[in-house]
file work-v8.txt (compact mmCIF, C-alpha atoms (C1' of nucleotides))
# COMPACT_ATOMS: atom_id res chain seq x y z
CA MET A 1 -61.58 -0.24 60.95
CA SER A 2 -64.84 1.47 60.01
CA ALA A 3 -68.32 0.02 60.53
CA ALA A 4 -68.78 -0.56 56.80
CA SER A 5 -65.66 -2.67 56.34
CA HIS A 6 -65.65 -6.41 55.91
CA PRO A 7 -63.22 -9.06 57.16
CA ALA A 8 -60.08 -9.49 55.09
CA PRO A 9 -59.44 -12.82 53.38
CA PRO A 10 -57.06 -15.26 55.04
CA PRO A 11 -53.41 -14.65 54.11
CA ALA A 12 -52.58 -16.05 50.69
CA THR A 13 -49.71 -18.42 50.14
CA VAL A 14 -46.68 -16.46 48.99
CA ARG A 15 -45.61 -17.04 45.41
CA SER A 16 -42.22 -16.48 43.86
CA PRO A 17 -42.22 -13.92 41.03
CA ARG A 18 -42.03 -16.68 38.44
CA ALA A 19 -44.87 -18.64 40.07
CA ALA A 20 -47.03 -15.53 40.14
CA GLN A 21 -46.23 -14.96 36.48
CA VAL A 22 -47.29 -18.51 35.64
CA VAL A 23 -50.60 -18.14 37.47
CA GLU A 24 -51.28 -14.82 35.79
CA ALA A 25 -50.52 -16.27 32.37
CA ALA A 26 -52.70 -19.30 33.09
CA ARG A 27 -55.58 -17.07 34.00
CA GLN A 28 -55.21 -14.96 30.91
CA LEU A 29 -54.99 -18.08 28.76
CA LEU A 30 -58.05 -19.63 30.38
CA GLU A 31 -60.20 -16.54 30.12
CA SER A 32 -59.22 -15.52 26.61
CA LYS A 33 -58.92 -18.90 24.85
CA GLY A 34 -60.96 -21.28 27.00
CA PRO A 35 -60.12 -24.33 29.09
CA ASP A 36 -58.80 -26.42 26.18
CA ALA A 37 -56.13 -23.80 25.54
CA LEU A 38 -54.80 -24.10 29.07
CA THR A 39 -52.01 -26.59 28.39
CA MET A 40 -48.60 -26.73 29.98
CA ARG A 41 -46.84 -26.10 26.66
CA ARG A 42 -48.94 -23.08 25.78
CA LEU A 43 -48.55 -21.83 29.32
CA GLY A 44 -44.81 -22.11 28.93
CA ASP A 45 -44.98 -20.22 25.65
CA VAL A 46 -46.76 -17.28 27.29
CA VAL A 47 -44.28 -17.15 30.16
CA GLY A 48 -41.32 -17.63 27.85
CA ILE A 49 -40.03 -20.96 29.16
CA ARG A 50 -40.50 -24.61 28.16
CA ALA A 51 -43.31 -26.65 29.63
CA PRO A 52 -41.11 -28.91 31.78
CA SER A 53 -39.60 -25.87 33.48
CA ILE A 54 -42.99 -25.05 34.96
CA TYR A 55 -42.49 -28.11 37.15
CA LYS A 56 -39.67 -26.29 38.92
CA HIS A 57 -42.35 -24.00 40.35
CA PHE A 58 -45.45 -26.19 40.61
CA PRO A 59 -45.72 -29.93 41.22
CA GLY A 60 -48.18 -30.27 38.33
CA LYS A 61 -51.01 -28.72 36.41
CA PRO A 62 -53.55 -29.24 39.22
CA ALA A 63 -51.38 -27.08 41.49
CA VAL A 64 -51.45 -24.23 38.98
CA GLU A 65 -55.21 -24.58 38.74
CA LEU A 66 -55.51 -24.59 42.52
CA ALA A 67 -53.64 -21.29 42.68
CA MET A 68 -56.07 -19.83 40.14
CA ILE A 69 -59.00 -21.15 42.17
CA GLU A 70 -57.68 -19.51 45.33
CA ASP A 71 -57.42 -16.20 43.52
CA ALA A 72 -60.94 -16.60 42.18
CA MET A 73 -62.29 -17.34 45.64
CA VAL A 74 -60.61 -14.29 47.11
CA GLU A 75 -62.14 -12.10 44.43
CA LEU A 76 -65.58 -13.64 44.69
CA GLY A 77 -65.52 -13.48 48.49
CA THR A 78 -64.45 -9.86 48.40
CA ALA A 79 -67.32 -8.96 46.08
CA LEU A 80 -69.84 -10.82 48.24
CA HIS A 81 -68.64 -9.30 51.50
CA ARG A 82 -68.77 -5.87 49.95
CA ALA A 83 -72.35 -6.51 48.86
CA VAL A 84 -73.74 -7.49 52.23
CA VAL A 85 -71.85 -5.20 54.59
CA GLY A 86 -74.16 -2.60 56.03
CA ALA A 87 -77.24 -3.86 54.18
CA THR A 88 -80.55 -4.72 55.81
CA ARG A 89 -81.77 -8.31 55.68
CA GLY A 90 -84.08 -7.80 52.72
CA GLU A 91 -81.53 -5.83 50.72
CA ALA A 92 -78.69 -8.19 51.54
CA VAL A 93 -80.06 -11.22 49.72
CA ALA A 94 -80.75 -9.28 46.54
CA ALA A 95 -77.40 -7.47 46.67
CA LEU A 96 -75.58 -10.73 47.32
CA LEU A 97 -77.16 -12.39 44.31
CA VAL A 98 -76.38 -9.44 42.06
CA ALA A 99 -72.74 -9.48 43.14
CA TYR A 100 -72.47 -13.26 42.77
CA ARG A 101 -73.88 -13.23 39.27
CA ALA A 102 -71.83 -10.25 38.13
CA THR A 103 -68.55 -11.68 39.40
CA ALA A 104 -69.17 -15.09 37.84
CA VAL A 105 -70.29 -13.72 34.48
CA ALA A 106 -67.30 -11.40 34.34
CA HIS A 107 -64.93 -14.41 34.43
CA PRO A 108 -66.96 -17.38 33.24
CA ASN A 109 -64.13 -19.82 32.59
CA LEU A 110 -62.49 -19.01 35.89
CA TYR A 111 -65.78 -19.47 37.72
CA ARG A 112 -66.30 -22.82 36.05
CA LEU A 113 -62.80 -23.93 36.96
CA ALA A 114 -63.30 -22.91 40.58
CA THR A 115 -66.65 -24.65 41.01
CA SER A 116 -66.93 -27.54 38.61
CA ALA A 117 -65.01 -30.22 40.48
CA GLY A 118 -64.02 -31.41 43.88
CA LEU A 119 -61.56 -29.32 45.85
CA PRO A 120 -58.29 -30.60 47.29
CA ARG A 121 -59.17 -29.01 50.62
CA GLN A 122 -55.98 -30.00 52.42
CA ASP A 123 -53.93 -28.05 49.87
CA MET A 124 -56.06 -24.92 50.07
CA ALA A 125 -55.43 -21.78 52.08
CA GLU A 126 -56.84 -22.33 55.55
CA GLY A 127 -60.18 -20.64 56.13
CA LEU A 128 -60.56 -19.32 52.60
CA GLU A 129 -63.62 -21.40 51.81
CA ASP A 130 -65.40 -20.41 55.02
CA TRP A 131 -64.57 -16.77 54.53
CA ALA A 132 -65.84 -16.68 50.95
CA GLY A 133 -69.10 -18.35 51.93
CA GLU A 134 -69.68 -16.23 55.01
CA PRO A 135 -71.77 -13.56 53.24
CA PHE A 136 -74.49 -16.14 52.57
CA TYR A 137 -74.81 -16.64 56.29
CA LEU A 138 -74.68 -12.92 56.96
CA ALA A 139 -77.48 -12.32 54.45
CA THR A 140 -79.80 -15.08 55.66
CA GLY A 141 -78.94 -15.48 59.31
CA ASP A 142 -79.38 -19.25 59.10
CA PRO A 143 -76.89 -21.89 57.97
CA HIS A 144 -79.38 -23.95 55.99
CA GLN A 145 -80.90 -20.92 54.35
CA ALA A 146 -77.36 -19.88 53.52
CA GLN A 147 -76.50 -23.19 51.88
CA ALA A 148 -79.79 -23.23 49.99
CA LEU A 149 -79.24 -19.70 48.74
CA TRP A 150 -75.74 -20.57 47.64
CA ALA A 151 -77.04 -23.61 45.77
CA PHE A 152 -79.60 -21.45 44.02
CA ALA A 153 -77.01 -18.85 43.07
CA HIS A 154 -74.52 -21.43 41.83
CA GLY A 155 -77.20 -23.33 39.93
CA MET A 156 -78.40 -20.17 38.23
CA VAL A 157 -74.90 -19.06 37.28
CA ILE A 158 -73.67 -22.37 35.97
CA LEU A 159 -76.82 -23.07 33.99
CA GLU A 160 -76.65 -19.57 32.56
CA LEU A 161 -72.97 -19.87 31.64
CA ASP A 162 -73.57 -23.23 29.97
CA HIS A 163 -76.61 -21.91 28.10
CA ARG A 164 -78.79 -24.55 29.67
CA PHE A 165 -81.87 -22.38 30.00
CA LEU A 166 -84.14 -22.14 27.00
CA PRO A 167 -82.74 -19.51 24.63
CA ASP A 168 -85.47 -16.90 25.09
CA SER A 169 -85.56 -17.05 28.89
CA ASP A 170 -85.91 -13.83 30.90
CA LEU A 171 -83.26 -14.67 33.46
CA ASP A 172 -83.53 -11.38 35.31
CA ARG A 173 -87.02 -12.38 36.34
CA THR A 174 -85.87 -15.84 37.33
CA TRP A 175 -83.19 -14.34 39.57
CA ALA A 176 -85.83 -12.08 41.04
CA ALA A 177 -88.11 -15.04 41.65
CA GLY A 178 -85.37 -16.82 43.55
CA ALA A 179 -84.51 -13.75 45.57
CA ALA A 180 -88.15 -13.29 46.50
CA ALA A 181 -88.43 -16.91 47.56
CA PHE A 182 -85.54 -16.61 49.95
CA VAL A 183 -86.33 -13.25 51.53
CA THR A 184 -89.96 -14.08 52.30
CA THR A 185 -89.16 -17.33 54.06
CA VAL A 186 -88.49 -18.00 57.70
CA PRO A 187 -85.88 -20.59 58.69
CA VAL A 188 -87.20 -24.13 59.08
CA MET B 189 -104.45 -43.47 29.57
CA SER B 190 -105.37 -43.12 33.24
CA ALA B 191 -105.57 -39.85 35.14
CA ALA B 192 -102.36 -40.64 37.04
CA SER B 193 -100.21 -41.21 33.96
CA HIS B 194 -97.67 -38.76 32.64
CA PRO B 195 -96.66 -37.85 29.10
CA ALA B 196 -94.23 -40.24 27.44
CA PRO B 197 -90.79 -38.96 26.41
CA PRO B 198 -90.26 -38.02 22.78
CA PRO B 199 -89.25 -40.99 20.62
CA ALA B 200 -85.59 -41.86 21.00
CA THR B 201 -83.25 -42.14 18.06
CA VAL B 202 -82.97 -45.76 17.00
CA ARG B 203 -79.63 -47.42 17.62
CA SER B 204 -78.15 -50.44 15.91
CA PRO B 205 -77.42 -53.35 18.26
CA ARG B 206 -73.73 -52.55 18.23
CA ALA B 207 -74.35 -48.85 18.92
CA ALA B 208 -76.61 -49.73 21.83
CA GLN B 209 -73.92 -52.04 23.15
CA VAL B 210 -71.35 -49.25 22.95
CA VAL B 211 -73.58 -46.83 24.84
CA GLU B 212 -74.33 -49.42 27.49
CA ALA B 213 -70.64 -50.21 27.94
CA ALA B 214 -69.81 -46.52 28.10
CA ARG B 215 -72.34 -45.99 30.83
CA GLN B 216 -71.09 -48.93 32.84
CA LEU B 217 -67.51 -47.71 32.43
CA LEU B 218 -68.40 -44.16 33.45
CA GLU B 219 -70.40 -45.17 36.49
CA SER B 220 -68.05 -47.83 37.80
CA LYS B 221 -64.62 -46.33 37.02
CA GLY B 222 -65.27 -42.61 36.67
CA PRO B 223 -64.96 -40.13 33.80
CA ASP B 224 -61.21 -40.60 33.31
CA ALA B 225 -61.79 -44.28 32.55
CA LEU B 226 -64.17 -43.46 29.73
CA THR B 227 -61.68 -43.62 26.85
CA MET B 228 -62.25 -44.93 23.36
CA ARG B 229 -59.68 -47.70 23.81
CA ARG B 230 -61.15 -48.93 27.07
CA LEU B 231 -64.61 -48.66 25.59
CA GLY B 232 -63.47 -50.84 22.71
CA ASP B 233 -62.05 -53.36 25.17
CA VAL B 234 -65.38 -53.71 26.95
CA VAL B 235 -67.30 -54.15 23.71
CA GLY B 236 -64.69 -56.48 22.26
CA ILE B 237 -63.51 -54.39 19.32
CA ARG B 238 -60.66 -51.95 18.72
CA ALA B 239 -61.10 -48.26 19.41
CA PRO B 240 -61.09 -47.11 15.76
CA SER B 241 -63.95 -49.48 14.98
CA ILE B 242 -66.21 -47.48 17.28
CA TYR B 243 -66.03 -44.75 14.63
CA LYS B 244 -68.01 -47.01 12.30
CA HIS B 245 -70.96 -46.48 14.66
CA PHE B 246 -70.42 -42.99 16.10
CA PRO B 247 -68.72 -39.97 14.53
CA GLY B 248 -66.69 -39.41 17.69
CA LYS B 249 -66.57 -39.58 21.44
CA PRO B 250 -68.93 -36.61 21.93
CA ALA B 251 -71.62 -38.51 20.00
CA VAL B 252 -71.32 -41.46 22.37
CA GLU B 253 -71.59 -39.09 25.30
CA LEU B 254 -74.61 -37.39 23.76
CA ALA B 255 -76.37 -40.76 23.52
CA MET B 256 -75.65 -41.34 27.22
CA ILE B 257 -76.97 -37.87 28.03
CA GLU B 258 -80.20 -38.54 26.16
CA ASP B 259 -80.69 -41.74 28.13
CA ALA B 260 -80.01 -39.89 31.37
CA MET B 261 -82.52 -37.20 30.51
CA VAL B 262 -85.21 -39.76 29.71
CA GLU B 263 -84.65 -41.43 33.06
CA LEU B 264 -84.54 -38.20 35.02
CA GLY B 265 -87.60 -36.84 33.22
CA THR B 266 -89.51 -40.04 33.88
CA ALA B 267 -88.71 -39.89 37.60
CA LEU B 268 -89.73 -36.24 37.80
CA HIS B 269 -92.99 -36.71 35.94
CA ARG B 270 -93.84 -39.65 38.16
CA ALA B 271 -93.20 -37.50 41.22
CA VAL B 272 -95.52 -34.65 40.33
CA VAL B 273 -98.42 -36.43 38.65
CA GLY B 274 -101.51 -36.27 40.80
CA ALA B 275 -99.82 -34.30 43.59
CA THR B 276 -101.15 -31.09 45.07
CA ARG B 277 -99.12 -27.91 44.65
CA GLY B 278 -97.51 -28.08 48.08
CA GLU B 279 -96.66 -31.75 47.79
CA ALA B 280 -95.42 -31.49 44.24
CA VAL B 281 -92.41 -29.27 44.96
CA ALA B 282 -91.19 -31.49 47.79
CA ALA B 283 -91.79 -34.69 45.83
CA LEU B 284 -90.05 -33.24 42.79
CA LEU B 285 -86.96 -32.34 44.78
CA VAL B 286 -86.82 -35.76 46.41
CA ALA B 287 -87.03 -37.47 43.03
CA TYR B 288 -84.44 -35.14 41.49
CA ARG B 289 -81.94 -35.70 44.25
CA ALA B 290 -82.46 -39.46 44.37
CA THR B 291 -82.05 -39.91 40.63
CA ALA B 292 -78.91 -37.79 40.49
CA VAL B 293 -77.26 -39.39 43.50
CA ALA B 294 -78.02 -42.86 42.13
CA HIS B 295 -75.89 -42.14 39.03
CA PRO B 296 -73.53 -39.32 40.00
CA ASN B 297 -71.10 -39.55 37.11
CA LEU B 298 -73.89 -39.79 34.59
CA TYR B 299 -75.63 -36.80 36.12
CA ARG B 300 -72.42 -34.80 35.98
CA LEU B 301 -71.87 -35.74 32.36
CA ALA B 302 -75.40 -34.72 31.46
CA THR B 303 -75.28 -31.33 33.18
CA SER B 304 -71.72 -30.12 33.36
CA ALA B 305 -71.28 -28.64 29.90
CA GLY B 306 -73.09 -27.04 27.06
CA LEU B 307 -75.46 -29.17 25.04
CA PRO B 308 -75.26 -29.65 21.27
CA ARG B 309 -78.98 -28.92 21.03
CA GLN B 310 -79.27 -29.39 17.27
CA ASP B 311 -78.07 -32.99 17.65
CA MET B 312 -80.44 -33.85 20.48
CA ALA B 313 -83.76 -35.62 20.29
CA GLU B 314 -86.43 -33.01 19.54
CA GLY B 315 -88.45 -31.98 22.57
CA LEU B 316 -86.52 -34.08 25.07
CA GLU B 317 -85.21 -31.12 27.01
CA ASP B 318 -88.63 -29.48 27.28
CA TRP B 319 -90.26 -32.73 28.31
CA ALA B 320 -87.70 -33.45 31.05
CA GLY B 321 -88.05 -29.94 32.47
CA GLU B 322 -91.84 -29.85 32.34
CA PRO B 323 -92.38 -31.19 35.89
CA PHE B 324 -90.78 -28.03 37.29
CA TYR B 325 -93.47 -26.01 35.57
CA LEU B 326 -96.19 -28.43 36.66
CA ALA B 327 -95.03 -28.15 40.28
CA THR B 328 -94.75 -24.38 40.42
CA GLY B 329 -97.23 -23.15 37.84
CA ASP B 330 -94.89 -20.35 36.80
CA PRO B 331 -92.02 -20.44 34.31
CA HIS B 332 -89.67 -18.29 36.38
CA GLN B 333 -90.43 -20.16 39.57
CA ALA B 334 -89.80 -23.33 37.60
CA GLN B 335 -86.39 -22.18 36.38
CA ALA B 336 -85.43 -20.94 39.83
CA LEU B 337 -86.46 -24.23 41.41
CA TRP B 338 -84.47 -26.15 38.83
CA ALA B 339 -81.43 -23.98 39.51
CA PHE B 340 -81.77 -24.68 43.23
CA ALA B 341 -82.13 -28.42 42.67
CA HIS B 342 -79.20 -28.59 40.28
CA GLY B 343 -77.04 -26.43 42.51
CA MET B 344 -77.78 -28.60 45.52
CA VAL B 345 -77.09 -31.83 43.67
CA ILE B 346 -73.90 -30.76 41.99
CA LEU B 347 -72.46 -29.20 45.14
CA GLU B 348 -73.39 -32.32 47.08
CA LEU B 349 -71.85 -34.65 44.50
CA ASP B 350 -68.65 -32.63 44.43
CA HIS B 351 -68.48 -32.48 48.23
CA ARG B 352 -68.52 -28.72 48.15
CA PHE B 353 -70.60 -28.26 51.26
CA LEU B 354 -68.77 -28.30 54.57
CA PRO B 355 -68.24 -31.91 55.64
CA ASP B 356 -70.63 -31.91 58.61
CA SER B 357 -73.54 -30.24 56.82
CA ASP B 358 -77.08 -31.49 57.43
CA LEU B 359 -78.14 -31.45 53.78
CA ASP B 360 -81.60 -32.85 54.43
CA ARG B 361 -82.42 -29.67 56.29
CA THR B 362 -80.92 -27.54 53.54
CA TRP B 363 -83.12 -29.28 50.97
CA ALA B 364 -86.08 -28.69 53.26
CA ALA B 365 -85.17 -25.02 53.58
CA GLY B 366 -85.14 -24.65 49.81
CA ALA B 367 -88.42 -26.51 49.40
CA ALA B 368 -90.04 -24.30 52.02
CA ALA B 369 -88.76 -21.18 50.29
CA PHE B 370 -90.35 -22.16 47.00
CA VAL B 371 -93.72 -23.41 48.22
CA THR B 372 -94.44 -20.34 50.36
CA THR B 373 -93.75 -17.86 47.60
CA VAL B 374 -96.08 -16.32 45.07
CA PRO B 375 -94.87 -15.67 41.51
CA VAL B 376 -93.28 -12.27 40.96
C1' DT C 377 -70.34 -63.83 -10.77
C1' DG C 378 -69.13 -59.17 -9.72
C1' DA C 379 -69.89 -54.98 -7.20
C1' DC C 380 -70.39 -52.86 -3.06
C1' DG C 381 -71.34 -51.47 1.55
C1' DA C 382 -70.74 -52.72 6.51
C1' DG C 383 -67.70 -53.41 9.94
C1' DG C 384 -63.67 -55.10 11.55
C1' DC C 385 -58.31 -54.45 11.66
C1' DT C 386 -53.26 -52.13 12.10
C1' DA C 387 -50.36 -48.19 11.83
C1' DA C 388 -49.79 -43.75 12.62
C1' DC C 389 -50.40 -38.61 13.67
C1' DG C 390 -50.52 -34.80 16.73
C1' DC C 391 -51.60 -33.66 21.05
C1' DT C 392 -51.55 -34.12 26.32
C1' DG C 393 -49.21 -34.21 31.19
C1' DT C 394 -45.15 -35.65 33.01
C1' DT C 395 -40.23 -37.55 34.01
C1' DA C 396 -35.20 -38.13 33.42
C1' DG C 397 -31.08 -36.23 32.87
C1' DC C 398 -28.09 -32.59 31.63
C1' DT C 399 -26.27 -27.77 32.12
C1' DA C 400 -25.40 -23.09 33.48
C1' DC C 401 -25.68 -19.71 36.88
C1' DC C 402 -25.30 -17.77 41.62
C1' DC C 403 -24.44 -17.77 46.45
C1' DT C 404 -22.09 -19.26 50.35
C1' DG C 405 -18.41 -21.74 53.44
C1' DG C 406 -13.80 -22.82 54.05
C1' DC D 407 -10.22 -17.60 45.79
C1' DC D 408 -12.20 -21.52 44.89
C1' DA D 409 -15.42 -25.63 45.73
C1' DG D 410 -20.01 -27.19 46.55
C1' DG D 411 -24.69 -27.08 46.16
C1' DG D 412 -29.12 -25.35 45.18
C1' DT D 413 -32.04 -22.95 41.50
C1' DA D 414 -33.92 -22.92 37.23
C1' DG D 415 -33.53 -23.49 32.66
C1' DC D 416 -33.08 -26.99 28.60
C1' DT D 417 -33.86 -31.37 25.31
C1' DA D 418 -35.47 -35.97 24.70
C1' DA D 419 -38.65 -39.09 25.65
C1' DC D 420 -42.76 -41.91 27.46
C1' DA D 421 -47.44 -43.39 27.87
C1' DG D 422 -51.95 -42.32 26.89
C1' DC D 423 -55.49 -39.60 24.47
C1' DG D 424 -58.92 -38.85 20.26
C1' DT D 425 -58.82 -39.49 15.66
C1' DT D 426 -57.64 -40.67 10.59
C1' DA D 427 -56.00 -43.42 6.64
C1' DG D 428 -55.89 -47.40 4.42
C1' DC D 429 -56.60 -52.27 4.08
C1' DC D 430 -59.32 -56.62 4.28
C1' DT D 431 -63.12 -59.74 4.74
C1' DC D 432 -67.46 -60.78 4.95
C1' DG D 433 -72.67 -60.79 3.37
C1' DT D 434 -75.99 -59.17 0.11
C1' DC D 435 -77.89 -58.20 -4.12
C1' DA D 436 -78.11 -57.20 -9.23
call {"tool": "encode", "arguments": {"input": "work-v8.txt", "output": "structure tokens"}}
result
Amino acid sequence: MSAASHPAPPPATVRSPRAAQVVEAARQLLESKGPDALTMRRLGDVVGIRAPSIYKHFPGKPAVELAMIEDAMVELGTALHRAVVGATRGEAVAALLVAYRATAVAHPNLYRLATSAGLPRQDMAEGLEDWAGEPFYLATGDPHQAQALWAFAHGMVILELDHRFLPDSDLDRTWAAGAAAFVTTVPV
Amino acid sequence: MSAASHPAPPPATVRSPRAAQVVEAARQLLESKGPDALTMRRLGDVVGIRAPSIYKHFPGKPAVELAMIEDAMVELGTALHRAVVGATRGEAVAALLVAYRATAVAHPNLYRLATSAGLPRQDMAEGLEDWAGEPFYLATGDPHQAQALWAFAHGMVILELDHRFLPDSDLDRTWAAGAAAFVTTVPV
DNA sequence: TGACGAGGCTAACGCTGTTAGCTACCCTGG
DNA sequence: CCAGGGTAGCTAACAGCGTTAGCCTCGTCA
């Protein structure tokens, strides 16, 4: 393991070929047609089976969504770890925010799904949440700074995705303002 | 008008007595039973009419929700304006965050409804959005700082409401960390 | 008095997630 | 070699959702 590597995500739950196919189809459906298009019948159509047959592989729609969320967290965590590894403190915050924004904007519906509700933690892969959030601690060196920075990043992304900022906003500068606020501050 | 007053919200759209009753019932239903309980049939039950009759007063469920969102924004904006009026720069940011958090936590489901999706801006009361967001500009004196602070506040609230922070987090300190970050920073 | 809009009603449509029950295949034990 | 059982598909159906069509009954006003 080289000095510039980052910790691997916790082992993912194994999926049967059919289950993996369902999750892949669900993701494609969600990203290309939006959340309203993600129905069990349409999902069955894409896979080539009837909706009730999906229940042979997943206990219900929330379980399919949870699998998608786990995938999204692995990808987001990977991007964030890659951004902070080997960076100095000042660079790390900016690089982390850039990676966070880019990953979320690249898959907006998936990001929304993964973050816009409570998580069934007991059903999630052990340690995945901690691992994905670790880069915020690595970049700030303080748990409260890390949480605050995460809140800022998530707030920015979700408000941007939902077009909640005024239409002519210069969001690059707003991101920069947030980054500056967090790098120039000492932990309380 | 005294020196410690704040600007009044833009005039609200007038509602017939029945329409007001529907919105009030919807809010009570949402807050007490959660978003899944907010159905047109249940809403009719509370008001004392059948679900299809609601369509004599609103074009559809989204219109009822929009009315609730407008009410929520008036209340949030009022609380935020009250918090910043007459405060010094350093105090204003902290007071603003306290008011934001308190208002959101007091009506979690309403806050989620008002912030967790895109807004049909053309159907909203003119100027309401600007007016509700104005305290962020008053507290920071800079539009990008204002947006960044809003993103932080919203991120904190929504992650707290959805129990996304690790269970034993000391969120008071995280809020303080964010406040400190934004008061000690100069505009970029 | 007659017309008409406002606001209620029932019935129904198409959609949703989900369950029950049936069937066909494959693998394994006797 | 055959019986049993699990795996994974199917159709039919249910309850609930938002919404629409069409009807009826008031109150108001020309």
call {"tool": "interface_residues", "arguments": {"input": "work-v8.txt", "of": "chain A", "to": "chain C", "cutoff": "10 Å", "atoms": "all atoms listed in the file", "output": "MDAnalysis selection string"}}
result
chainID A and resid 39:41 51:52 55 60:61
call {"tool": "interface_residues", "arguments": {"input": "work-v8.txt", "of": "chain A", "to": "chain D", "cutoff": "8 Å", "atoms": "only C-alpha atoms (C1' of nucleotides)", "output": "list in words"}}
result
Ile49, Arg50, Ser53 and Lys56 of chain A
call {"tool": "interface_residues", "arguments": {"input": "work-v8.txt", "of": "chain B", "to": "chain A", "cutoff": "10 Å", "atoms": "all atoms listed in the file", "output": "ChimeraX atom specification"}}
result
/B:300,303-307,309,317-318,330-354,357-376
call {"tool": "atom_distance", "arguments": {"input": "work-v8.txt", "atom1": "atom CA of Ser193 of chain B", "atom2": "atom CA of Ala327 of chain B"}}
result
15.4 Å
call {"tool": "residues_around", "arguments": {"input": "work-v8.txt", "residues": "segment 13-15 of chain A", "least_positions_apart": "4", "cutoff": "9 Å", "atoms": "all atoms listed in the file", "output": "PyMOL selection string"}}
result
chain A and resi 19-20+67+125
call {"tool": "atom_distance", "arguments": {"input": "work-v8.txt", "atom1": "atom CA of His57 of chain A", "atom2": "atom CA of Arg18 of chain A"}}
result
7.6 Å
call {"tool": "atom_distance", "arguments": {"input": "work-v8.txt", "atom1": "atom CA of Ala225 of chain B", "atom2": "atom CA of Gly265 of chain B"}}
result
26.9 Å
call {"tool": "closest_residue", "arguments": {"input": "work-v8.txt", "among": "B:Pro355, B:His295, B:Ala267, B:Glu258", "to": "Pro199 of chain B", "atoms": "only C-alpha atoms"}}
result
B:Glu258
call {"tool": "residues_around", "arguments": {"input": "work-v8.txt", "residues": "Leu284 of chain B", "least_positions_apart": "4", "cutoff": "9 Å", "atoms": "only C-alpha atoms (C1' of nucleotides)", "output": "list in words"}}
result
Ala267, Leu268, His269, Arg270, Ala271, Val272, Glu279, Ala280, Tyr288, Arg289, Pro323, Phe324 and Ala327 of chain B
call {"tool": "write_last_selection", "arguments": {"input": "work-v8.txt", "atoms": "C-alpha atoms", "output": "compact mmCIF listing (two decimals), in the frame of the given file"}}
result
# COMPACT_ATOMS: atom_id res chain seq x y z
CA ALA B 267 -88.71 -39.89 37.60
CA LEU B 268 -89.73 -36.24 37.80
CA HIS B 269 -92.99 -36.71 35.94
CA ARG B 270 -93.84 -39.65 38.16
CA ALA B 271 -93.20 -37.50 41.22
CA VAL B 272 -95.52 -34.65 40.33
CA GLU B 279 -96.66 -31.75 47.79
CA ALA B 280 -95.42 -31.49 44.24
CA TYR B 288 -84.44 -35.14 41.49
CA ARG B 289 -81.94 -35.70 44.25
CA PRO B 323 -92.38 -31.19 35.89
CA PHE B 324 -90.78 -28.03 37.29
CA ALA B 327 -95.03 -28.15 40.28
call {"tool": "decode", "arguments": {"input": "work-v8.txt", "residues": "segment 120-149 of chain A", "atoms": "C-alpha atoms", "output": "mmCIF file, in the first residue's frame"}}
result
data_model
loop_
_atom_site.group_PDB
_atom_site.id
_atom_site.type_symbol
_atom_site.label_atom_id
_atom_site.label_comp_id
_atom_site.auth_asym_id
_atom_site.auth_seq_id
_atom_site.Cartn_x
_atom_site.Cartn_y
_atom_site.Cartn_z
ATOM 1 C CA PRO A 120 -32.368 2.345 8.102
ATOM 2 C CA ARG A 121 -28.975 2.100 9.783
ATOM 3 C CA GLN A 122 -29.405 -1.435 11.084
ATOM 4 C CA ASP A 123 -29.839 -2.701 7.518
ATOM 5 C CA MET A 124 -26.818 -0.867 6.154
ATOM 6 C CA ALA A 125 -23.339 -2.216 5.560
ATOM 7 C CA GLU A 126 -21.409 -1.899 8.809
ATOM 8 C CA GLY A 127 -19.009 1.028 8.880
ATOM 9 C CA LEU A 128 -19.976 2.401 5.485
ATOM 10 C CA GLU A 129 -21.366 5.648 6.835
ATOM 11 C CA ASP A 130 -18.311 6.321 9.002
ATOM 12 C CA TRP A 131 -15.953 5.517 6.175
ATOM 13 C CA ALA A 132 -17.714 7.808 3.700
ATOM 14 C CA GLY A 133 -17.696 10.693 6.170
ATOM 15 C CA GLU A 134 -14.110 10.217 7.274
ATOM 16 C CA PRO A 135 -12.610 12.625 4.702
ATOM 17 C CA PHE A 136 -14.401 15.527 6.392
ATOM 18 C CA TYR A 137 -12.536 14.732 9.570
ATOM 19 C CA LEU A 138 -9.278 14.239 7.703
ATOM 20 C CA ALA A 139 -9.657 17.640 6.040
ATOM 21 C CA THR A 140 -10.576 19.600 9.158
ATOM 22 C CA GLY A 141 -8.934 17.688 11.973
ATOM 23 C CA ASP A 142 -11.888 18.340 14.268
ATOM 24 C CA PRO A 143 -15.165 16.424 14.554
ATOM 25 C CA HIS A 144 -17.373 19.493 14.889
ATOM 26 C CA GLN A 145 -15.640 21.299 12.074
ATOM 27 C CA ALA A 146 -16.110 18.132 10.053
ATOM 28 C CA GLN A 147 -19.841 17.964 10.722
ATOM 29 C CA ALA A 148 -20.255 21.669 10.018
ATOM 30 C CA LEU A 149 -18.365 21.370 6.750
#
